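Student: As input, take start.cif (mmCIF, C-alpha atoms):
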```
data_data
loop_
_atom_site.label_atom_id
_atom_site.label_comp_id
_atom_site.auth_asym_id
_atom_site.auth_seq_id
_atom_site.Cartn_x
_atom_site.Cartn_y
_atom_site.Cartn_z
CA MET A 1 116.40 101.19 79.16
CA SER A 2 114.73 97.80 79.40
CA PRO A 3 110.91 97.66 79.57
CA LEU A 4 109.80 97.37 83.19
CA LEU A 5 106.70 95.62 84.49
CA ILE A 6 105.16 97.00 87.70
CA ARG A 7 103.33 93.86 88.82
CA GLY A 8 100.36 93.48 91.12
CA GLY A 9 100.16 96.91 92.74
CA SER A 10 96.94 98.73 93.64
CA VAL A 11 97.09 101.70 91.28
CA VAL A 12 95.83 105.04 92.61
CA SER A 13 95.34 107.69 89.92
CA VAL A 14 94.86 111.23 91.15
CA VAL A 15 91.62 111.74 89.23
CA THR A 16 89.39 109.88 86.84
CA ALA A 17 87.85 111.38 83.73
CA ASP A 18 85.09 113.09 85.72
CA ASP A 19 87.54 114.47 88.31
CA THR A 20 86.45 112.14 91.10
CA PRO A 21 88.77 110.02 93.25
CA ASP A 22 89.86 106.84 91.56
CA THR A 23 89.20 103.44 93.12
CA PRO A 24 92.55 101.66 93.52
CA LEU A 25 92.51 98.32 91.72
CA PRO A 26 95.25 95.72 91.42
CA ARG A 27 96.64 95.97 87.91
CA ASP A 28 99.93 95.75 86.10
CA LEU A 29 101.69 98.67 84.43
CA GLU A 30 104.37 98.35 81.77
CA LEU A 31 106.93 101.11 81.43
CA ARG A 32 108.59 101.41 78.05
CA ASP A 33 110.74 104.24 76.64
CA GLY A 34 109.89 106.44 79.61
CA VAL A 35 106.10 106.20 79.30
CA ILE A 36 103.35 103.97 80.64
CA THR A 37 101.92 101.39 78.23
CA ASP A 38 99.45 98.53 78.43
CA PRO A 39 101.23 95.31 79.46
CA SER A 40 102.44 93.46 76.38
CA GLY A 41 104.29 90.55 77.96
CA GLY A 42 107.62 91.81 76.62
CA ALA A 43 109.05 93.40 79.76
CA THR A 44 112.47 92.05 80.69
CA GLU A 45 112.60 93.56 84.20
CA GLU A 46 110.01 93.41 86.96
CA LEU A 47 109.16 95.35 90.09
CA ASP A 48 106.88 93.35 92.38
CA ALA A 49 104.33 95.81 93.79
CA ARG A 50 102.00 93.30 95.41
CA GLY A 51 100.87 94.67 98.77
CA CYS A 52 101.68 98.21 97.67
CA LEU A 53 99.82 101.27 96.50
CA VAL A 54 101.16 102.55 93.18
CA PHE A 55 100.84 106.31 93.09
CA PRO A 56 101.93 109.14 90.76
CA GLY A 57 105.33 110.62 91.61
CA LEU A 58 105.19 113.90 93.51
CA VAL A 59 106.36 117.24 92.06
CA ASN A 60 108.03 119.95 94.15
CA GLY A 61 107.41 123.34 92.55
CA HIS A 62 110.00 125.22 94.60
CA ASP A 63 113.14 124.44 96.55
CA HIS A 64 116.78 125.41 97.07
CA LEU A 65 118.62 122.09 97.19
CA ARG A 66 121.67 123.39 99.00
CA SER A 67 121.75 124.27 102.68
CA MET A 68 125.13 125.93 103.23
CA LEU A 69 124.80 125.87 107.02
CA PRO A 70 122.69 123.30 108.88
CA SER A 71 119.78 124.58 110.93
CA THR A 72 119.99 124.48 114.72
CA ARG A 73 117.80 125.82 117.47
CA ARG A 74 119.30 129.27 116.98
CA ALA A 75 117.15 129.37 113.80
CA ASP A 76 113.94 129.36 115.88
CA THR A 77 113.82 133.15 115.92
CA SER A 78 115.46 133.82 112.55
CA ALA A 79 113.42 136.13 110.35
CA LEU A 80 113.50 135.91 106.55
CA ALA A 81 116.10 138.70 106.38
CA ASP A 82 118.36 136.75 108.75
CA VAL A 83 118.08 133.62 106.61
CA ILE A 84 118.96 135.58 103.46
CA GLU A 85 121.93 137.30 105.11
CA ALA A 86 123.37 134.03 106.45
CA GLY A 87 123.06 132.41 103.04
CA GLN A 88 124.82 135.33 101.38
CA ARG A 89 127.78 135.11 103.77
CA ALA A 90 128.19 131.40 103.17
CA SER A 91 127.83 131.66 99.41
CA VAL A 92 130.97 133.78 99.08
CA VAL A 93 133.23 130.81 99.83
CA THR A 94 131.29 127.95 98.22
CA THR A 95 132.83 125.96 95.39
CA PRO A 96 131.39 123.82 92.59
CA ALA A 97 132.33 120.71 94.59
CA ASP A 98 130.32 122.02 97.55
CA TYR A 99 127.34 122.65 95.31
CA ARG A 100 127.46 119.15 93.86
CA ALA A 101 127.77 117.44 97.26
CA LEU A 102 124.96 119.43 98.85
CA THR A 103 122.72 119.13 95.80
CA ALA A 104 123.19 115.37 95.54
CA LEU A 105 122.21 114.77 99.18
CA ALA A 106 119.18 117.05 98.96
CA SER A 107 118.17 115.38 95.69
CA ALA A 108 118.39 112.02 97.45
CA ARG A 109 116.04 113.34 100.15
CA GLN A 110 113.58 114.31 97.43
CA LEU A 111 113.59 110.87 95.83
CA LEU A 112 113.50 108.92 99.08
CA SER A 113 110.36 110.86 100.05
CA GLY A 114 108.57 110.19 96.76
CA THR A 115 109.36 113.38 94.83
CA VAL A 116 110.34 112.69 91.23
CA GLY A 117 110.61 116.26 89.92
CA VAL A 118 111.60 119.61 91.38
CA VAL A 119 112.31 123.21 90.47
CA ASP A 120 115.69 123.95 92.05
CA HIS A 121 116.14 127.73 92.42
CA VAL A 122 119.90 128.29 92.36
CA TYR A 123 121.95 131.36 93.29
CA PRO A 124 124.55 132.66 93.28
CA LEU A 125 126.29 131.06 90.30
CA HIS A 126 129.47 133.07 90.59
CA ARG A 127 132.12 130.49 89.71
CA ASP A 128 132.75 128.52 86.55
CA GLY A 129 131.33 125.03 86.77
CA MET A 130 128.71 125.73 89.43
CA LEU A 131 125.67 125.14 87.22
CA GLN A 132 127.19 121.95 85.82
CA ALA A 133 127.93 120.79 89.37
CA ILE A 134 124.28 121.27 90.32
CA VAL A 135 123.01 119.40 87.27
CA ASP A 136 125.48 116.62 88.05
CA GLY A 137 124.24 116.51 91.64
CA HIS A 138 120.68 115.93 90.44
CA ALA A 139 121.88 113.24 88.02
CA ASP A 140 123.97 111.48 90.67
CA VAL A 141 120.77 110.10 92.19
CA GLY A 142 118.34 110.29 89.24
CA LEU A 143 116.17 113.27 90.19
CA ARG A 144 114.51 115.10 87.30
CA ALA A 145 115.14 118.77 88.04
CA HIS A 146 114.23 122.04 86.43
CA VAL A 147 116.73 124.78 87.30
CA ALA A 148 115.63 128.33 88.05
CA TYR A 149 118.82 130.28 87.27
CA GLY A 150 118.92 132.96 89.98
CA LEU A 151 119.72 136.51 88.85
CA LEU A 152 121.07 138.90 91.51
CA THR A 153 121.89 142.59 91.63
CA ALA A 154 122.26 142.87 95.42
CA GLY A 155 124.48 140.93 97.79
CA PRO A 156 128.19 140.48 98.55
CA ALA A 157 130.40 142.00 95.88
CA GLU A 158 132.30 138.72 95.56
CA VAL A 159 129.29 136.94 94.04
CA LEU A 160 127.93 139.70 91.80
CA SER A 161 128.45 140.45 88.13
CA SER A 162 126.44 142.53 85.69
CA ILE A 163 122.91 141.38 84.94
CA ASP A 164 123.86 141.13 81.26
CA ALA A 165 126.73 138.77 82.10
CA GLN A 166 124.47 136.62 84.29
CA LEU A 167 121.83 136.41 81.57
CA ALA A 168 124.44 135.53 78.96
CA ARG A 169 125.66 132.62 81.09
CA ALA A 170 122.10 131.45 81.71
CA VAL A 171 121.12 131.58 78.05
CA SER A 172 124.30 129.80 76.96
CA ALA A 173 123.44 126.93 79.33
CA ALA A 174 120.17 126.17 77.55
CA ASP A 175 120.48 122.84 75.72
CA GLU A 176 124.18 122.76 76.60
CA VAL A 177 124.14 122.11 80.34
CA LEU A 178 120.46 121.12 80.59
CA PRO A 179 117.46 121.11 78.24
CA ALA A 180 116.04 124.57 77.54
CA ASP A 181 112.57 123.45 78.63
CA ARG A 182 113.98 122.74 82.10
CA LEU A 183 115.69 126.12 82.53
CA TYR A 184 114.06 129.27 83.95
CA LEU A 185 115.42 132.82 84.03
CA ALA A 186 114.83 133.60 87.70
CA PRO A 187 115.38 137.04 89.23
CA VAL A 188 115.59 136.14 92.91
CA SER A 189 113.17 138.68 94.40
CA LEU A 190 112.44 142.39 94.49
CA ARG A 191 114.65 142.48 97.60
CA GLN A 192 117.69 141.07 95.80
CA THR A 193 117.16 141.97 92.13
CA SER A 194 116.51 145.44 90.72
CA VAL A 195 113.48 146.19 88.58
CA ASP A 196 115.90 146.79 85.71
CA GLY A 197 117.16 143.25 86.29
CA TYR A 198 113.60 141.97 85.96
CA ARG A 199 113.16 143.96 82.76
CA ALA A 200 116.38 142.46 81.37
CA ALA A 201 115.12 138.95 82.20
CA VAL A 202 111.84 139.68 80.39
CA ALA A 203 113.74 140.88 77.32
CA ALA A 204 115.95 137.75 77.37
CA ALA A 205 112.88 135.54 77.68
CA ASP A 206 111.33 137.32 74.70
CA ARG A 207 114.48 136.64 72.63
CA THR A 208 115.03 133.04 73.67
CA GLY A 209 111.67 131.58 74.65
CA LEU A 210 112.97 130.64 78.11
CA ARG A 211 110.46 130.82 80.94
CA LEU A 212 110.47 133.13 83.97
CA TYR A 213 110.44 132.40 87.72
CA THR A 214 110.75 134.46 90.91
CA HIS A 215 109.87 134.85 94.61
CA VAL A 216 107.25 137.57 95.04
CA ALA A 217 104.67 139.03 97.45
CA GLU A 218 106.31 137.12 100.28
CA SER A 219 105.87 139.62 103.12
CA THR A 220 104.09 142.80 104.09
CA ASP A 221 107.48 144.56 104.21
CA GLU A 222 108.05 143.69 100.55
CA VAL A 223 104.65 145.06 99.55
CA GLU A 224 105.13 148.28 101.52
CA GLN A 225 108.59 148.84 100.05
CA CYS A 226 107.32 148.22 96.52
CA LEU A 227 104.48 150.71 97.02
CA ALA A 228 106.89 153.30 98.44
CA GLU A 229 109.44 152.91 95.63
CA HIS A 230 107.22 152.25 92.63
CA GLY A 231 103.69 153.24 93.60
CA LYS A 232 102.50 149.72 92.80
CA ARG A 233 102.11 146.40 94.54
CA PRO A 234 104.60 143.65 93.50
CA ILE A 235 102.29 141.69 91.16
CA GLU A 236 101.09 144.91 89.54
CA LEU A 237 104.71 145.91 88.95
CA LEU A 238 105.60 142.55 87.39
CA HIS A 239 102.52 142.77 85.19
CA ASP A 240 103.48 146.21 83.93
CA ILE A 241 106.97 145.07 82.88
CA GLY A 242 105.67 141.94 81.10
CA PHE A 243 106.89 139.34 83.59
CA LEU A 244 103.47 137.73 83.93
CA ARG A 245 102.81 135.32 81.05
CA PRO A 246 101.94 131.66 80.40
CA GLY A 247 104.80 129.50 81.67
CA THR A 248 105.86 131.93 84.41
CA VAL A 249 105.99 130.46 87.93
CA LEU A 250 105.69 132.77 90.94
CA VAL A 251 106.74 131.51 94.36
CA HIS A 252 104.89 132.32 97.61
CA CYS A 253 102.29 134.98 96.64
CA VAL A 254 101.27 135.36 100.29
CA GLN A 255 100.32 139.05 100.26
CA LEU A 256 97.95 139.59 97.33
CA SER A 257 95.11 141.96 96.56
CA GLU A 258 92.02 140.91 94.62
CA ARG A 259 93.33 142.80 91.59
CA GLU A 260 96.64 140.93 91.78
CA ILE A 261 94.83 137.58 91.89
CA ASP A 262 92.92 138.62 88.78
CA LEU A 263 96.19 139.54 87.06
CA LEU A 264 97.65 136.11 87.83
CA ALA A 265 94.59 134.44 86.33
CA GLN A 266 94.44 136.67 83.28
CA ASN A 267 98.07 135.97 82.46
CA SER A 268 97.90 132.18 83.07
CA VAL A 269 100.65 132.34 85.69
CA ALA A 270 101.31 129.36 87.99
CA VAL A 271 101.99 129.76 91.72
CA ALA A 272 104.14 127.57 93.97
CA TYR A 273 102.62 127.52 97.47
CA CYS A 274 104.95 126.57 100.35
CA PRO A 275 102.74 126.29 103.44
CA SER A 276 105.27 124.94 105.97
CA ASN A 277 107.84 127.58 105.03
CA HIS A 278 105.19 130.27 105.40
CA LEU A 279 104.28 128.99 108.85
CA LYS A 280 107.89 128.69 110.05
CA LEU A 281 108.82 132.22 108.99
CA ALA A 282 105.44 133.73 110.01
CA LYS A 283 104.75 135.11 106.54
CA GLY A 284 100.97 134.83 106.70
CA VAL A 285 98.46 132.70 104.78
CA ALA A 286 98.52 132.73 100.99
CA PRO A 287 95.03 133.18 99.46
CA VAL A 288 95.09 129.78 97.80
CA LEU A 289 91.32 129.33 97.79
CA ALA A 290 90.79 132.66 96.07
CA MET A 291 93.55 131.95 93.55
CA ARG A 292 92.12 128.55 92.66
CA GLU A 293 88.60 129.98 92.41
CA ALA A 294 89.91 132.62 89.99
CA GLY A 295 91.48 129.89 87.85
CA VAL A 296 95.13 130.23 88.93
CA ARG A 297 97.03 126.94 88.86
CA VAL A 298 98.61 126.40 92.30
CA CYS A 299 101.19 123.71 93.00
CA LEU A 300 103.15 122.88 96.14
CA GLY A 301 106.74 123.63 97.12
CA VAL A 302 108.82 122.19 99.95
CA ASP A 303 111.23 125.16 100.17
CA GLY A 304 113.71 123.67 102.60
CA MET A 305 111.19 121.91 104.80
CA THR A 306 110.39 118.18 105.07
CA ASP A 307 108.53 116.56 102.18
CA LEU A 308 105.46 116.89 99.98
CA PHE A 309 103.34 114.64 102.19
CA ALA A 310 103.72 117.23 104.94
CA GLU A 311 103.01 120.06 102.49
CA MET A 312 99.81 118.41 101.25
CA ARG A 313 98.30 118.19 104.72
CA GLN A 314 99.63 121.58 105.78
CA ALA A 315 97.88 123.07 102.76
CA VAL A 316 94.61 121.39 103.74
CA TYR A 317 94.84 122.41 107.39
CA VAL A 318 96.11 125.98 106.91
CA GLN A 319 93.56 126.84 104.24
CA GLY A 320 90.74 125.26 106.24
CA SER A 321 91.77 127.13 109.37
CA ALA A 322 92.02 130.45 107.54
CA ALA A 323 88.57 129.92 106.01
CA ARG A 324 87.22 128.61 109.35
CA ARG A 325 85.81 125.72 107.36
CA PRO A 326 87.31 122.20 107.50
CA GLY A 327 87.89 120.87 104.02
CA ALA A 328 87.84 124.28 102.36
CA LEU A 329 90.82 122.84 100.49
CA ASP A 330 90.11 119.12 100.38
CA THR A 331 92.24 115.99 100.10
CA GLN A 332 91.68 115.64 96.37
CA ALA A 333 92.79 119.22 95.72
CA ALA A 334 95.97 118.69 97.75
CA LEU A 335 96.75 115.53 95.78
CA ARG A 336 96.34 117.38 92.51
CA MET A 337 98.55 120.23 93.69
CA ALA A 338 101.36 117.78 94.51
CA THR A 339 101.04 115.79 91.28
CA ALA A 340 99.08 116.76 88.15
CA ASP A 341 98.96 120.50 88.91
CA GLY A 342 102.66 120.51 89.73
CA CYS A 343 103.43 118.83 86.43
CA ALA A 344 101.22 121.22 84.50
CA ALA A 345 102.82 124.23 86.18
CA LEU A 346 106.20 122.98 84.92
CA GLY A 347 104.88 122.23 81.43
CA GLU A 348 104.87 118.47 81.93
CA LYS A 349 102.18 115.82 81.59
CA SER A 350 101.70 113.39 84.44
CA GLY A 351 99.58 112.54 87.45
CA TRP A 352 97.18 109.93 86.15
CA LEU A 353 99.20 106.73 85.56
CA ARG A 354 97.46 106.01 82.27
CA PRO A 355 98.93 104.68 79.03
CA GLY A 356 100.88 107.44 77.34
CA ASP A 357 101.69 109.27 80.58
CA PRO A 358 105.31 109.70 81.71
CA ALA A 359 106.48 106.71 83.73
CA ASP A 360 106.91 108.58 87.02
CA LEU A 361 105.54 106.73 90.02
CA ILE A 362 106.08 105.63 93.59
CA THR A 363 105.02 102.62 95.64
CA VAL A 364 103.88 102.67 99.26
CA ARG A 365 103.42 99.54 101.36
CA MET A 366 99.80 99.10 102.41
CA ASP A 367 100.81 97.46 105.71
CA ASN A 368 102.53 100.65 106.86
CA ALA A 369 101.48 101.23 110.48
CA MET A 370 100.71 104.91 109.93
CA LEU A 371 98.35 104.17 107.04
CA ALA A 372 96.61 101.04 108.35
CA PRO A 373 93.83 100.04 108.52
CA LEU A 374 93.59 101.32 104.96
CA THR A 375 90.06 102.24 103.89
CA ASP A 376 90.68 105.39 101.79
CA PRO A 377 94.19 105.37 100.29
CA ALA A 378 94.07 108.96 99.05
CA TYR A 379 93.02 110.29 102.45
CA ALA A 380 95.59 108.13 104.23
CA LEU A 381 98.46 109.30 102.02
CA VAL A 382 97.64 112.99 102.53
CA HIS A 383 96.73 112.95 106.21
CA ARG A 384 98.90 110.13 107.57
CA GLY A 385 101.61 109.60 104.99
CA SER A 386 105.26 110.64 105.02
CA GLY A 387 108.34 110.15 102.92
CA ALA A 388 109.27 107.25 105.19
CA ALA A 389 106.33 105.28 103.79
CA VAL A 390 107.75 105.30 100.24
CA ARG A 391 109.27 102.00 99.10
CA ASP A 392 110.10 102.40 95.39
CA VAL A 393 110.51 105.40 93.09
CA VAL A 394 110.58 105.31 89.28
CA VAL A 395 111.56 108.35 87.19
CA ALA A 396 110.99 108.28 83.42
CA GLY A 397 110.76 104.49 83.59
CA GLU A 398 113.98 104.01 85.58
CA PRO A 399 113.88 102.68 89.16
CA VAL A 400 115.96 105.13 91.21
CA VAL A 401 114.80 103.91 94.64
CA ARG A 402 114.12 100.22 95.34
CA GLU A 403 113.06 98.83 98.71
CA GLY A 404 113.80 102.22 100.28
CA ALA A 405 117.40 102.44 99.01
CA LEU A 406 118.96 104.62 96.32
CA VAL A 407 119.89 102.74 93.16
CA ARG A 408 122.50 105.09 91.66
CA ALA A 409 124.35 106.23 94.78
CA ASP A 410 125.34 105.22 98.30
CA LEU A 411 123.48 107.33 100.86
CA GLY A 412 126.27 107.10 103.44
CA GLU A 413 128.77 108.53 100.95
CA LEU A 414 126.40 111.36 100.01
CA ILE A 415 126.00 112.27 103.69
CA GLU A 416 129.77 112.22 104.25
CA HIS A 417 130.45 114.45 101.24
CA ALA A 418 127.75 116.91 102.30
CA TRP A 419 129.10 117.09 105.87
CA GLN A 420 132.59 117.81 104.59
CA ALA A 421 131.24 120.52 102.28
CA THR A 422 129.25 122.11 105.11
CA ARG A 423 132.18 122.11 107.51
CA GLY A 424 134.49 123.45 104.80
CA ILE A 425 132.14 126.35 104.05
CA ALA A 426 132.03 127.27 107.75
CA VAL A 427 135.81 127.13 108.13
CA ARG A 428 136.56 129.07 104.92
CA SER A 429 134.08 131.78 105.84
CA GLY A 430 136.12 132.43 108.99
CA ARG A 431 133.50 131.16 111.38
CA GLN A 432 134.23 128.88 114.28
CA VAL A 433 132.15 125.74 113.93
CA PRO A 434 129.24 126.38 116.34
CA SER A 435 129.21 124.20 119.44
CA ASP A 436 125.60 123.24 118.88
CA TRP A 437 126.50 121.39 115.69
CA SER A 438 127.70 118.56 117.97
CA TRP A 439 130.03 117.49 115.19
CA GLN A 440 132.03 114.91 117.10
CA ARG A 441 129.00 113.39 118.78
CA PHE A 442 126.73 112.95 115.76
CA HIS A 443 128.91 112.91 112.66
CA ALA A 444 129.23 109.30 111.50
CA GLY A 445 132.29 109.79 109.30
#
```
Write the structure described by the file as structure tokens, please.
Tutor:
Amino acid sequence: MSPLLIRGGSVVSVVTADDTPDTPLPRDLELRDGVITDPSGGATEELDARGCLVFPGLVNGHDHLRSMLPSTRRADTSALADVIEAGQRASVVTTPADYRALTALASARQLLSGTVGVVDHVYPLHRDGMLQAIVDGHADVGLRAHVAYGLLTAGPAEVLSSIDAQLARAVSAADEVLPADRLYLAPVSLRQTSVDGYRAAVAAADRTGLRLYTHVAESTDEVEQCLAEHGKRPIELLHDIGFLRPGTVLVHCVQLSEREIDLLAQNSVAVAYCPSNHLKLAKGVAPVLAMREAGVRVCLGVDGMTDLFAEMRQAVYVQGSAARRPGALDTQAALRMATADGCAALGEKSGWLRPGDPADLITVRMDNAMLAPLTDPAYALVHRGSGAAVRDVVVAGEPVVREGALVRADLGELIEHAWQATRGIAVRSGRQVPSDWSWQRFHAG
């Protein structure tokens, strides 16, 4: 990869050495061998960032980058159980080609909205080639993805195999299909994976050094069921079986007791907070302020919603509303959660745009109508920004979005392939294509 000069942009680091907001100053950045260096004059390629903010790339701590069936207004009243059941029905007939098409389009959405890295929680992986198809879908557009390999013991018989067989496939993929440090063993949830399945994942992690990942404490129903079946709350149960450890990422953590928050902190567990998803599905308000005060690292997840700009401000507004105190979670905290804290949760170093940091960054035009007049760039990005404001995206020193367009792939083709996959899944599952899809009216292909 040729050295790249980012010329003339106003660089916004998330924090300075004393953890205060940085003052954006026009300066050049040189990207060489995937890291940021001081400009040396030897760059052979240039990205003109004059008139733009240069900002650290965003990190999405939790998502599922395949929507088997598109959402319509019938989803307004869908509860979490309905969403899970619909996904299970569709998954029975999906193919590796479907997974690649849907993953590539969703990965493009991530990049076009300024997200450079994501944890993609994937399940079921019931056909040969599915994991490779997902990794290829990420690579088609240049997204850096960690994969949380979903482990299931409940669901349609057509997608299930023994937990030992699932773990064997997951372990064999490490450093073969994707780097081991980007692969998690990920029991789906206590609703869809048995406690014995969790124990088996812990034992496999002990043997292999792979990290652990799961949805947990997502609803009051989950907590009540766990208490009834095991006499313990979900986080207490995971602690007792050894699932909580440095490197583990827990998703949601909406319904927590004070003791459970202490257990997360004591075990150096990271949490992926998905505020818009929690609001849509009426899950409640995660105790983010209490977790952060206890020393738990909290990052942000999109989880099927819009983009990380929306999640940053939702986090600020939801936490402030719950605390009845505006700014209880402030702009700077939200920025950290979407950048440096997200990287740290995934075991990566980034978020500051300093020499030696990974060359992951985005540019945003300063004459964007939603941001102008620009007096506080950090505040404007969190409270007025959106993925539509992003102009350029660089991942590991490689431009993957330039002037708002994908570099590696054609967006129109990605959309066409994803539509065909979605329609094929509906037809093969025996469902009539719903009339409210408006296929003929809106499909461009």
Student: The PyMOL selection byres ((chain A and resi 142-146) around 8) on the file shown: which residues, as a ChimeraX atom specification?
Tutor: /A:107-108,110-111,116-120,135,138-141,147-148,182-184,395,400,408
Student: So which one's closest to Ala380 of chain A, A:Glu229, A:Asp367, A:Asp392, A:Asp303? Using only C-alpha atoms, please.
Tutor: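 Residue with the minimum atom-to-atom distance to Ala380 of chain A: A:Asp367.
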Student: Counting only C-alpha atoms, which residues have an atom no more than 12 Å from (116.3, 135.8, 81.1) in the file's coordinates? Please list them as an NGL selection string.
Tutor: :A and (148-152 or 163-174 or 180 or 183-188 or 196-214 or 243 or 248)
Student: Around all of segment 60-65 of chain A's listed atoms, make the axis-aligned box with 6 Å on each side and tell me centre and edge lengths in Å to one decimal, as AutoDock Vina command-line options.
Tutor:
```
--center_x 113.0 --center_y 122.7 --center_z 94.9 --size_x 23.2 --size_y 17.5 --size_z 16.6
```
Student: Give me, please, the distance in Å between atom CA of Glu224 of chain A and atom CA of Lys283 of chain A, quoted to one decimal.
Tutor: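 Separation of atom CA of Glu224 of chain A and atom CA of Lys283 of chain A: 14.1 Å.
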Student: Just checking: using only C-alpha atoms, which residue out of A:Glu45, A:Glu176, A:Glu260, A:Glu158 ends up closest to Ser2 of chain A?
Tutor: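 Answer, going by the shortest atom-to-atom distance: A:Glu45.
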Student: Evaluating the PyMOL selection byres ((chain A and resi 428) around 12) on the displayed file yields which residues, as a list in words?
Tutor: Met68, Arg89, Ala90, Ser91, Val92, Val93, Thr94, Thr95, Asp98, Gln420, Ala421, Thr422, Arg423, Gly424, Ile425, Ala426, Val427, Ser429, Gly430, Arg431, Gln432 and Val433 of chain A
Student: Can you tell me how far atom CA of Ala328 of chain A sits from atom CA of Val316 of chain A, in Å to one decimal?
Tutor: 7.5 Å
Student: Any chance you could resolve the PyMOL selection byres ((chain A and resi 284) around 9) against this file and give the residues as a list in words?
Tutor: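 Taken on the displayed file, the PyMOL selection byres ((chain A and resi 284) around 9) yields the residues Glu218, Ser219, Thr220, Val254, Gln255, His278, Leu279, Leu281, Ala282, Lys283, Val285 and Ala286 of chain A.
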Student: In Å, how far is it from atom CA of Ser40 of chain A to atom CA of Ile6 of chain A?
Tutor: 12.2 Å
Student: Tell me which of A:Ser13, A:Ser113, A:Ser257, A:Ser189 sits closest to Met291 of chain A, counting only C-alpha atoms.
Tutor: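 Looking only at the distances to Met291 of chain A, the closest residue turns out to be A:Ser257.
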Student: With a distance cut-off of 10 Å and only C-alpha atoms, select the neighbouring residues of Leu112 of chain A, excluding the residue or stretch itself and same-chain residues fewer than 2 positions from it, and output the selection as a ChimeraX atom specification.
Tutor: /A:106-110,114-116,307,362,387-393,400-402,404-406
Student: Please provide as a PDB file with C-alpha atoms, in the coordinates of the input all residues within 10 Å of Gly42 of chain A, with the sequence filter that same-chain residues fewer than 3 positions apart are discarded (counting only C-alpha atoms).
Tutor:
```pdb
ATOM      1  CA  SER A   2     114.730  97.800  79.400  1.00  0.00           C
ATOM      2  CA  PRO A   3     110.910  97.660  79.570  1.00  0.00           C
ATOM      3  CA  LEU A   4     109.800  97.370  83.190  1.00  0.00           C
ATOM      4  CA  LEU A   5     106.700  95.620  84.490  1.00  0.00           C
ATOM      5  CA  GLU A  30     104.370  98.350  81.770  1.00  0.00           C
ATOM      6  CA  ARG A  32     108.590 101.410  78.050  1.00  0.00           C
ATOM      7  CA  PRO A  39     101.230  95.310  79.460  1.00  0.00           C
ATOM      8  CA  GLU A  45     112.600  93.560  84.200  1.00  0.00           C
TER       9      GLU A  45
END
```
Student: Can you pull out every residue within 8 Å of Gly51 of chain A, counting all atoms listed in the file, but drop anything in the same chain fewer than 2 positions away, and send it as a count of residues only?
Tutor: 8
Student: Write out as a PDB file with C-alpha atoms, in the frame of the given file the residues lying within 7 Å of Arg66 of chain A, counting only C-alpha atoms and excluding same-chain residues fewer than 4 positions away.
Tutor:
```
ATOM      1  CA  TYR A  99     127.340 122.650  95.310  1.00  0.00           C
ATOM      2  CA  LEU A 102     124.960 119.430  98.850  1.00  0.00           C
ATOM      3  CA  THR A 103     122.720 119.130  95.800  1.00  0.00           C
ATOM      4  CA  ALA A 106     119.180 117.050  98.960  1.00  0.00           C
TER       5      ALA A 106
END
```
Student: Give me the residues within 12 Å of Arg292 of chain A as a PyMOL selection string, counting all atoms listed in the file and dropping any in the same chain fewer than 2 places off.
Tutor: chain A and resi 261-262+264-265+268-271+273+286-290+294-299+319+328-329+333-334+336-337+341
Student: Would you please work out which residue, of A:His121, A:Lys280, A:Arg191, A:Arg7, is nearest to His64 of chain A when using all atoms listed in the file?
Tutor: A:His121
Student: Reconstruct N, CA and C atoms of segment 169-178 of chain A from the incomplete input and present them as a PDB file, in the coordinates of the input.
Tutor:
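Listing of selection-v2.pdb after writing:
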```pdb
ATOM      1  N   ARG A 169     125.287 133.958  80.630  1.00  0.00           N
ATOM      2  CA  ARG A 169     125.660 132.620  81.090  1.00  0.00           C
ATOM      3  C   ARG A 169     124.429 131.716  81.158  1.00  0.00           C
ATOM      4  N   ALA A 170     123.319 132.264  81.621  1.00  0.00           N
ATOM      5  CA  ALA A 170     122.100 131.450  81.710  1.00  0.00           C
ATOM      6  C   ALA A 170     121.643 131.000  80.335  1.00  0.00           C
ATOM      7  N   VAL A 171     121.595 131.910  79.399  1.00  0.00           N
ATOM      8  CA  VAL A 171     121.120 131.580  78.050  1.00  0.00           C
ATOM      9  C   VAL A 171     122.046 130.569  77.383  1.00  0.00           C
ATOM     10  N   SER A 172     123.350 130.721  77.593  1.00  0.00           N
ATOM     11  CA  SER A 172     124.300 129.800  76.960  1.00  0.00           C
ATOM     12  C   SER A 172     124.175 128.382  77.530  1.00  0.00           C
ATOM     13  N   ALA A 173     123.592 128.253  78.723  1.00  0.00           N
ATOM     14  CA  ALA A 173     123.440 126.930  79.330  1.00  0.00           C
ATOM     15  C   ALA A 173     122.282 126.143  78.731  1.00  0.00           C
ATOM     16  N   ALA A 174     121.350 126.834  78.100  1.00  0.00           N
ATOM     17  CA  ALA A 174     120.170 126.170  77.550  1.00  0.00           C
ATOM     18  C   ALA A 174     120.573 125.200  76.455  1.00  0.00           C
ATOM     19  N   ASP A 175     120.190 123.943  76.634  1.00  0.00           N
ATOM     20  CA  ASP A 175     120.480 122.840  75.720  1.00  0.00           C
ATOM     21  C   ASP A 175     121.968 122.476  75.661  1.00  0.00           C
ATOM     22  N   GLU A 176     122.778 123.133  76.471  1.00  0.00           N
ATOM     23  CA  GLU A 176     124.180 122.760  76.600  1.00  0.00           C
ATOM     24  C   GLU A 176     124.416 122.059  77.938  1.00  0.00           C
ATOM     25  N   VAL A 177     123.985 122.694  79.015  1.00  0.00           N
ATOM     26  CA  VAL A 177     124.140 122.110  80.340  1.00  0.00           C
ATOM     27  C   VAL A 177     122.891 121.336  80.743  1.00  0.00           C
ATOM     28  N   LEU A 178     121.727 121.822  80.349  1.00  0.00           N
ATOM     29  CA  LEU A 178     120.460 121.120  80.590  1.00  0.00           C
ATOM     30  C   LEU A 178     119.468 121.562  79.528  1.00  0.00           C
TER      31      LEU A 178
END
```
